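Enquirer: Input input.tsv, format and content: TSV, C-alpha atoms.
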chain	number	residue	atom	x	y	z
A	1	MET	CA	-7.29	-11.07	18.24
A	2	THR	CA	-5.70	-7.63	18.47
A	3	GLU	CA	-6.61	-5.38	15.54
A	4	ILE	CA	-3.30	-4.12	14.16
A	5	ARG	CA	-3.54	-0.61	12.70
A	6	PHE	CA	-1.07	1.87	11.30
A	7	ARG	CA	-1.31	5.52	10.24
A	8	PHE	CA	-1.88	5.98	6.53
A	9	GLN	CA	0.77	8.28	5.05
A	10	LEU	CA	-0.27	9.64	1.67
A	11	PRO	CA	2.93	11.70	1.13
A	12	LYS	CA	4.84	8.42	1.31
A	13	VAL	CA	2.47	6.87	-1.24
A	14	LEU	CA	2.97	9.71	-3.73
A	15	ASN	CA	6.73	9.82	-3.29
A	16	ALA	CA	6.99	6.02	-3.47
A	17	LEU	CA	5.18	6.11	-6.82
A	18	ALA	CA	7.45	8.92	-8.02
A	19	TYR	CA	10.42	6.87	-6.80
A	20	PHE	CA	9.23	3.88	-8.83
A	21	ALA	CA	8.67	6.01	-11.92
A	22	SER	CA	12.04	7.75	-11.65
A	23	HIS	CA	13.82	4.40	-11.21
A	24	GLY	CA	12.74	2.89	-14.49
A	25	ILE	CA	9.45	1.17	-13.59
A	26	ARG	CA	7.46	1.00	-16.82
A	27	ASP	CA	3.70	0.83	-17.30
A	28	LEU	CA	2.99	2.12	-13.80
A	29	THR	CA	-0.78	1.83	-14.00
A	30	LYS	CA	-3.05	2.12	-10.99
A	31	LEU	CA	-3.16	-1.67	-10.72
A	32	LYS	CA	0.60	-2.12	-10.95
A	33	ALA	CA	1.14	0.73	-8.46
A	34	ALA	CA	-1.20	-0.93	-5.94
A	35	LYS	CA	0.63	-4.26	-6.27
A	36	LEU	CA	4.09	-2.72	-5.87
A	37	LEU	CA	3.01	-0.74	-2.80
A	38	TYR	CA	1.58	-3.93	-1.32
A	39	TYR	CA	4.96	-5.61	-1.72
A	40	VAL	CA	6.75	-2.60	-0.20
A	41	ASP	CA	4.54	-2.77	2.89
A	42	LYS	CA	4.82	-6.56	3.10
A	43	TYR	CA	8.61	-6.52	2.87
A	44	HIS	CA	9.03	-3.79	5.47
A	45	LEU	CA	6.41	-5.18	7.85
A	46	LEU	CA	7.96	-8.65	7.89
A	47	LYS	CA	11.49	-7.32	8.35
A	48	TYR	CA	10.98	-4.29	10.61
A	49	GLY	CA	7.56	-4.72	12.20
A	50	ARG	CA	5.82	-1.81	10.47
A	51	PRO	CA	4.67	-1.03	6.92
A	52	VAL	CA	5.90	1.94	4.88
A	53	ILE	CA	2.62	3.54	3.79
A	54	GLY	CA	0.44	2.25	6.63
A	55	ASP	CA	-2.68	1.72	4.52
A	56	HIS	CA	-5.36	-0.80	5.43
A	57	TYR	CA	-5.73	-3.63	2.97
A	58	VAL	CA	-8.76	-5.24	1.39
A	59	CYS	CA	-9.17	-8.38	-0.65
A	60	MET	CA	-10.58	-7.68	-4.13
A	61	ASP	CA	-10.80	-9.55	-7.42
A	62	PHE	CA	-7.28	-8.51	-8.38
A	63	GLY	CA	-5.65	-9.43	-5.08
A	64	PRO	CA	-4.81	-7.50	-1.89
A	65	VAL	CA	-5.26	-3.75	-2.37
A	66	PRO	CA	-4.20	-0.72	-0.26
A	67	SER	CA	-7.68	0.75	0.16
A	68	ASP	CA	-7.09	4.46	0.85
A	69	THR	CA	-4.43	4.54	-1.85
A	70	LEU	CA	-6.87	3.08	-4.35
A	71	ASN	CA	-9.52	5.65	-3.39
A	72	PHE	CA	-7.00	8.45	-3.80
A	73	LEU	CA	-5.78	7.22	-7.17
A	74	ASN	CA	-9.36	6.84	-8.40
A	75	ASN	CA	-9.99	10.42	-7.29
A	76	ALA	CA	-6.78	11.71	-8.89
A	77	LEU	CA	-7.67	9.96	-12.14
A	78	GLY	CA	-11.03	11.74	-12.13
A	79	ARG	CA	-13.28	8.88	-11.11
A	80	GLU	CA	-16.19	9.25	-8.70
A	81	VAL	CA	-15.38	7.50	-5.44
A	82	GLU	CA	-16.88	7.53	-2.00
A	83	TYR	CA	-14.88	9.75	0.38
A	84	GLY	CA	-13.03	11.29	-2.57
A	85	PRO	CA	-13.30	14.91	-1.35
A	86	LYS	CA	-11.24	14.17	1.77
A	87	PHE	CA	-8.25	13.84	-0.52
A	88	GLU	CA	-8.63	17.28	-2.12
A	89	PRO	CA	-6.12	19.02	0.23
A	90	VAL	CA	-3.33	16.83	-1.12
A	91	ARG	CA	-4.20	17.15	-4.81
A	92	GLU	CA	-1.56	19.91	-5.11
A	93	LEU	CA	1.05	17.53	-3.68
A	94	PHE	CA	-0.04	14.91	-6.21
A	95	GLU	CA	0.37	17.35	-9.09
A	96	ARG	CA	3.81	18.43	-7.86
A	97	THR	CA	4.94	14.82	-7.47
A	98	LEU	CA	3.24	12.84	-10.23
A	99	LYS	CA	1.76	13.32	-13.67
A	100	ILE	CA	-0.66	11.15	-15.56
A	101	GLU	CA	0.06	9.90	-19.04
A	102	PRO	CA	-3.40	9.35	-20.56
A	103	GLY	CA	-4.51	6.20	-22.32
A	104	LYS	CA	-6.86	3.26	-21.93
A	105	ASN	CA	-5.01	2.47	-18.69
A	106	PRO	CA	-3.45	5.78	-17.57
A	107	VAL	CA	0.18	5.52	-16.46
A	108	LEU	CA	1.74	7.39	-13.54
A	109	ALA	CA	5.03	9.19	-14.19
A	110	ALA	CA	7.25	11.36	-12.00
A	111	ALA	CA	6.55	15.10	-12.29
A	112	SER	CA	9.62	15.82	-10.18
A	113	GLU	CA	12.28	14.00	-8.22
A	114	PRO	CA	10.70	12.20	-5.24
A	115	ASP	CA	11.12	13.78	-1.83
A	116	THR	CA	13.09	10.98	-0.19
A	117	SER	CA	13.20	12.89	3.11
A	118	VAL	CA	9.77	11.38	3.90
A	119	PHE	CA	11.37	7.92	3.99
A	120	SER	CA	13.58	6.21	6.52
A	121	THR	CA	16.67	4.31	5.41
A	122	SER	CA	14.75	1.05	5.77
A	123	ASP	CA	11.84	2.48	3.72
A	124	ILE	CA	14.27	3.13	0.86
A	125	GLU	CA	15.61	-0.40	1.28
A	126	ALA	CA	12.07	-1.74	0.84
A	127	LEU	CA	11.46	0.41	-2.24
A	128	ASP	CA	14.73	-0.70	-3.84
A	129	HIS	CA	14.00	-4.35	-3.03
A	130	VAL	CA	10.59	-4.17	-4.69
A	131	ILE	CA	11.98	-2.41	-7.77
A	132	GLU	CA	14.58	-5.14	-8.21
A	133	GLU	CA	12.32	-8.06	-7.32
A	134	TYR	CA	9.02	-7.04	-8.93
A	135	GLY	CA	9.58	-3.96	-11.08
A	136	ASN	CA	9.77	-5.82	-14.39
A	137	TYR	CA	6.56	-7.78	-13.85
A	138	SER	CA	3.39	-6.70	-15.63
A	139	ALA	CA	0.32	-5.77	-13.61
A	140	SER	CA	-1.39	-9.06	-14.52
A	141	GLU	CA	1.68	-11.06	-13.47
A	142	LEU	CA	1.70	-9.22	-10.13
A	143	VAL	CA	-1.98	-10.04	-9.68
A	144	ASP	CA	-1.20	-13.73	-10.19
A	145	LEU	CA	1.67	-13.53	-7.68
A	146	THR	CA	-0.47	-11.87	-5.00
A	147	HIS	CA	-3.22	-14.44	-5.53
A	148	ALA	CA	-0.78	-16.97	-4.07
A	149	ASP	CA	-0.53	-15.02	-0.77
A	150	ALA	CA	-2.54	-15.81	2.34
A	151	THR	CA	-3.46	-12.12	2.48
A	152	TRP	CA	-5.68	-12.76	-0.55
A	153	GLN	CA	-6.51	-16.46	-0.30
A	154	VAL	CA	-7.89	-16.47	3.25
A	155	PRO	CA	-10.33	-13.51	2.98
A	156	ASP	CA	-11.27	-14.50	-0.56
A	157	ARG	CA	-12.90	-17.63	0.85
A	158	VAL	CA	-15.64	-15.49	2.42
A	159	ARG	CA	-15.65	-12.57	-0.01
A	160	GLN	CA	-18.76	-12.02	-2.08
A	161	ALA	CA	-18.20	-12.11	-5.85
A	162	GLY	CA	-17.01	-8.70	-7.00
A	163	GLY	CA	-16.92	-7.39	-3.43
A	164	THR	CA	-14.27	-6.58	-0.87
A	165	GLU	CA	-13.17	-8.17	2.39
A	166	GLU	CA	-10.92	-6.63	5.03
A	167	ILE	CA	-7.43	-8.11	5.38
A	168	PRO	CA	-6.17	-8.22	8.97
A	169	TYR	CA	-2.47	-7.46	9.23
A	170	GLN	CA	-1.98	-10.82	10.98
A	171	LEU	CA	-2.35	-12.53	7.59
A	172	PHE	CA	0.87	-10.90	6.38
A	173	PHE	CA	2.66	-13.01	9.02
A	174	LYS	CA	1.08	-16.33	8.03
A	175	ASP	CA	4.39	-17.91	6.99
A	176	ALA	CA	6.67	-15.56	8.92
A	177	ASP	CA	8.23	-15.18	12.35
A	178	GLU	CA	5.60	-15.63	15.07
A	179	ASP	CA	7.72	-13.67	17.54
A	180	LEU	CA	7.63	-10.64	15.25
A	181	LEU	CA	3.84	-10.86	15.04
A	182	LYS	CA	3.63	-11.02	18.85
A	183	PHE	CA	5.86	-7.94	19.05
A	184	VAL	CA	3.69	-6.02	16.57
A	185	GLU	CA	0.52	-7.01	18.44
A	186	ALA	CA	2.07	-5.96	21.76
A	187	GLU	CA	3.00	-2.57	20.28
A	188	GLN	CA	-0.59	-2.12	19.11
A	189	GLU	CA	-1.90	-2.99	22.56
A	190	ASP	CA	0.45	-0.36	24.04
A	191	ARG	CA	-0.84	2.25	21.56
A	192	ASP	CA	-4.44	1.33	22.36
A	193	PHE	CA	-3.76	1.57	26.12
A	194	LEU	CA	-2.18	5.04	25.76
A	195	LEU	CA	-5.08	6.20	23.61
A	196	ALA	CA	-7.57	4.93	26.21
A	197	LEU	CA	-5.68	6.86	28.93
A	198	GLN	CA	-5.82	10.05	26.85
A	199	ARG	CA	-9.59	9.68	26.42
A	200	ALA	CA	-10.21	8.93	30.12
The structure in this file should be written as C-alpha cells.

Expert:
Amino acid sequence: MTEIRFRFQLPKVLNALAYFASHGIRDLTKLKAAKLLYYVDKYHLLKYGRPVIGDHYVCMDFGPVPSDTLNFLNNALGREVEYGPKFEPVRELFERTLKIEPGKNPVLAAASEPDTSVFSTSDIEALDHVIEEYGNYSASELVDLTHADATWQVPDRVRQAGGTEEIPYQLFFKDADEDLLKFVEAEQEDRDFLLALQRA
C-alpha cells in the first residue's frame, strides 16, 4: 500500500482557527479545534484529492487527531510536549493570529482577521462547509461523531488503551470514490519517484 503523505502547513492551521473564531464558532477549545480541522481536511480530501492543512493523523481516545497541530497547540498553551521547541519560530505568528482566553479548558479566539491569502478558493469552501455543518456542535458531540468514522474505528481495534495509532490516509476514503483514492495514490507515487531521482 502506498503511504500517502502531505506537507503540514502550520500557517493554514493558525489562520483556519482564526477563521473559525471570527465566524462565530464558540467554545473553540483545543479539542473542538482538532475535530473541526479534521473535518476540514476530510471534506477537502474527498472532494479535491488533497487536505487543507496536510497534517498526519493519529487515532486517540477522543477520535482522529491532527498530530502536529495537537503538539503545536499543547506547546502554545504552555504544556510540555515532545518536539515542542521546533514550533518556536512560529510562536510570533500564533500570537499575531490567535489569543488564548484562559479557563479550565482554554478557548482560542482571533487576535486579528485571518490571512485568507494562505487559502485557495476550495480551502475557503471547506472551512465554510465545516462552520455550517459542525460549528454549533460541542467538542464532546464532535468526538462522538468522529468515533463513527473508519478513520477512528479501524486503528482503534489495534490501539493500546490510552495510546495512539497512525491513521493512513486511505481510511479517509473507506466509503468514498475508489477512483479518487487511486488518483491520490498515483500522485504520491509520482512525488516519491521525483524525490528518488533528486536523491540519486

Enquirer: Grab the atom CA of Gly63 of chain A to atom CA of Glu178 of chain A distance for me, in Å with one decimal place.

Expert: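 Going from atom CA of Gly63 of chain A over to atom CA of Glu178 of chain A, I get 23.9 Å.
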
Enquirer: Could you check which of A:Tyr39, A:Leu17, A:Met1, A:Pro168 is closest to Ser112 of chain A, using only C-alpha atoms?

Expert: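 Under the stated criterion, the closest residue is A:Leu17.
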
Enquirer: With only C-alpha atoms as the counted atoms, please give the residues lying no more than 12 Å from Thr97 of chain A, apart from itself and same-chain residues fewer than 5 positions off, as a ChimeraX atom specification.

Expert: /A:10-22,90-92,108-116

Enquirer: May I have the residues at most 10 Å from (3.1, -7.0, -9.4) in the file's coordinates, counting only C-alpha atoms, as a PDB file with C-alpha atoms, keeping the file's coordinate frame?

Expert:
ATOM      1  CA  LEU A  31      -3.160  -1.670 -10.720  1.00  0.00           C
ATOM      2  CA  LYS A  32       0.600  -2.120 -10.950  1.00  0.00           C
ATOM      3  CA  ALA A  33       1.140   0.730  -8.460  1.00  0.00           C
ATOM      4  CA  ALA A  34      -1.200  -0.930  -5.940  1.00  0.00           C
ATOM      5  CA  LYS A  35       0.630  -4.260  -6.270  1.00  0.00           C
ATOM      6  CA  LEU A  36       4.090  -2.720  -5.870  1.00  0.00           C
ATOM      7  CA  LEU A  37       3.010  -0.740  -2.800  1.00  0.00           C
ATOM      8  CA  TYR A  38       1.580  -3.930  -1.320  1.00  0.00           C
ATOM      9  CA  TYR A  39       4.960  -5.610  -1.720  1.00  0.00           C
ATOM     10  CA  VAL A 130      10.590  -4.170  -4.690  1.00  0.00           C
ATOM     11  CA  GLU A 133      12.320  -8.060  -7.320  1.00  0.00           C
ATOM     12  CA  TYR A 134       9.020  -7.040  -8.930  1.00  0.00           C
ATOM     13  CA  GLY A 135       9.580  -3.960 -11.080  1.00  0.00           C
ATOM     14  CA  ASN A 136       9.770  -5.820 -14.390  1.00  0.00           C
ATOM     15  CA  TYR A 137       6.560  -7.780 -13.850  1.00  0.00           C
ATOM     16  CA  SER A 138       3.390  -6.700 -15.630  1.00  0.00           C
ATOM     17  CA  ALA A 139       0.320  -5.770 -13.610  1.00  0.00           C
ATOM     18  CA  SER A 140      -1.390  -9.060 -14.520  1.00  0.00           C
ATOM     19  CA  GLU A 141       1.680 -11.060 -13.470  1.00  0.00           C
ATOM     20  CA  LEU A 142       1.700  -9.220 -10.130  1.00  0.00           C
ATOM     21  CA  VAL A 143      -1.980 -10.040  -9.680  1.00  0.00           C
ATOM     22  CA  ASP A 144      -1.200 -13.730 -10.190  1.00  0.00           C
ATOM     23  CA  LEU A 145       1.670 -13.530  -7.680  1.00  0.00           C
ATOM     24  CA  THR A 146      -0.470 -11.870  -5.000  1.00  0.00           C
TER      25      THR A 146
END

Enquirer: Could you tell me how far atom CA of Pro66 of chain A lies from atom CA of Trp152 of chain A, in Å and to one decimal?

Expert: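 Between atom CA of Pro66 of chain A and atom CA of Trp152 of chain A the gap is 12.1 Å.
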